[in-house]
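Take a look at the structure set out below.
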Amino acid sequence: GNAGGMVHAGPAEVAVRTPFVDGRVFYTLDDSTPSESSIPYTGPFGLARSATVRAIAVASDGVGRAEAPPVPIHMIPPGLFSLRVTQSG
C-alpha cells in the first residue's frame, strides 16, 4: 500500500471495492472507525477537500466483515503555489 496517502491537485474520485458479492460498504471521511451507521457507499464519489477515507464491507449475512486500511487523500488547491522574484543588486 501507499503509506503516505495520495496527493491530488483537484477533486478526486474515490471508489471502494468489496470482497463480498452482495455486501454493503460504509465509509467515513474523518479517519473515524467506520460502522454500519456510517455513510453508505452507493458508488464512486468525489472529494473536493482533503480527507482520510476509511471503509468497512459487511457481507449480506451480516457476519462477514472486512475493513480497509485508512487512505489519507491530500488536496492541493489550484493556485496555492506562488513565488516572488526580487531583483538583486
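Chains: A, B, ... in order of the C-alpha cells. Residues: from 1 per chain. Ligands: from 1, in order shown.
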*Sel. of strand (DSSP E) residues, stretch 5-84 of chain A, as a PyMOL selection string*: chain A and resi 6-8+12-14+24-28+39-40+45-47+51-58+65-67+71-75
*asked:* I'd like the contact shell of stretch 35-41 of chain A - 7 Å cut-off, only C-alpha atoms, skipping same-chain residues fewer than 2 positions apart - returned as a ChimeraX atom specification.
replied: /A:25-28,33,43,56
For the residues selected in the previous step, produce a file with all heavy atoms as a short mmCIF file (atom, residue, chain, number, x, y, z; two decimals), in the first residue's frame.
```cif
data_model
loop_
_atom_site.label_atom_id
_atom_site.label_comp_id
_atom_site.auth_asym_id
_atom_site.auth_seq_id
_atom_site.Cartn_x
_atom_site.Cartn_y
_atom_site.Cartn_z
N VAL A 25 -21.19 -1.55 1.84
CA VAL A 25 -19.99 -0.83 2.26
C VAL A 25 -20.41 0.47 2.93
O VAL A 25 -21.33 1.14 2.47
CB VAL A 25 -19.06 -0.55 1.05
CG1 VAL A 25 -17.89 0.33 1.45
CG2 VAL A 25 -18.57 -1.86 0.44
N PHE A 26 -19.73 0.79 4.02
CA PHE A 26 -19.95 2.05 4.73
C PHE A 26 -18.59 2.72 4.88
O PHE A 26 -17.58 2.04 5.01
CB PHE A 26 -20.57 1.79 6.10
CG PHE A 26 -21.87 1.04 6.02
CD1 PHE A 26 -21.89 -0.35 6.04
CD2 PHE A 26 -23.07 1.72 5.91
CE1 PHE A 26 -23.09 -1.05 5.95
CE2 PHE A 26 -24.28 1.03 5.83
CZ PHE A 26 -24.28 -0.34 5.85
N TYR A 27 -18.60 4.05 4.88
CA TYR A 27 -17.31 4.73 4.95
C TYR A 27 -17.39 6.01 5.79
O TYR A 27 -18.47 6.52 6.05
CB TYR A 27 -16.78 5.05 3.55
CG TYR A 27 -17.59 6.05 2.76
CD1 TYR A 27 -17.24 7.40 2.76
CD2 TYR A 27 -18.69 5.65 2.01
CE1 TYR A 27 -17.98 8.33 2.04
CE2 TYR A 27 -19.43 6.57 1.29
CZ TYR A 27 -19.07 7.90 1.31
OH TYR A 27 -19.81 8.82 0.60
N THR A 28 -16.21 6.47 6.21
CA THR A 28 -16.08 7.75 6.90
C THR A 28 -15.00 8.56 6.20
O THR A 28 -14.15 8.01 5.49
CB THR A 28 -15.69 7.56 8.38
OG1 THR A 28 -14.41 6.91 8.45
CG2 THR A 28 -16.72 6.74 9.14
N THR A 33 -13.50 5.29 12.88
CA THR A 33 -13.74 3.89 12.55
C THR A 33 -15.12 3.73 11.91
O THR A 33 -16.12 4.14 12.50
CB THR A 33 -13.67 3.02 13.82
OG1 THR A 33 -12.39 3.22 14.43
CG2 THR A 33 -13.84 1.55 13.48
N GLY A 43 -21.60 4.12 -4.72
CA GLY A 43 -20.84 4.19 -5.95
C GLY A 43 -19.72 5.20 -5.79
O GLY A 43 -19.62 5.85 -4.76
N ILE A 56 -15.60 0.02 5.52
CA ILE A 56 -15.84 -1.34 6.02
C ILE A 56 -16.86 -1.99 5.09
O ILE A 56 -17.80 -1.35 4.64
CB ILE A 56 -16.34 -1.32 7.48
CG1 ILE A 56 -16.43 -2.74 8.04
CG2 ILE A 56 -17.67 -0.60 7.61
CD1 ILE A 56 -16.70 -2.80 9.52
#
```
_Proximity to A:Arg24 - best of A:Gly89, A:Gly62, A:Pro72, A:Pro44, only C-alpha atoms_ =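 For A:Arg24, the nearest of the given residues is A:Gly62.
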*atom CA of A:Gly10 and atom CA of A:Ser50 are how many Å apart?*
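Computed distance, atom CA of A:Gly10 to atom CA of A:Ser50, equals 10.1 Å.
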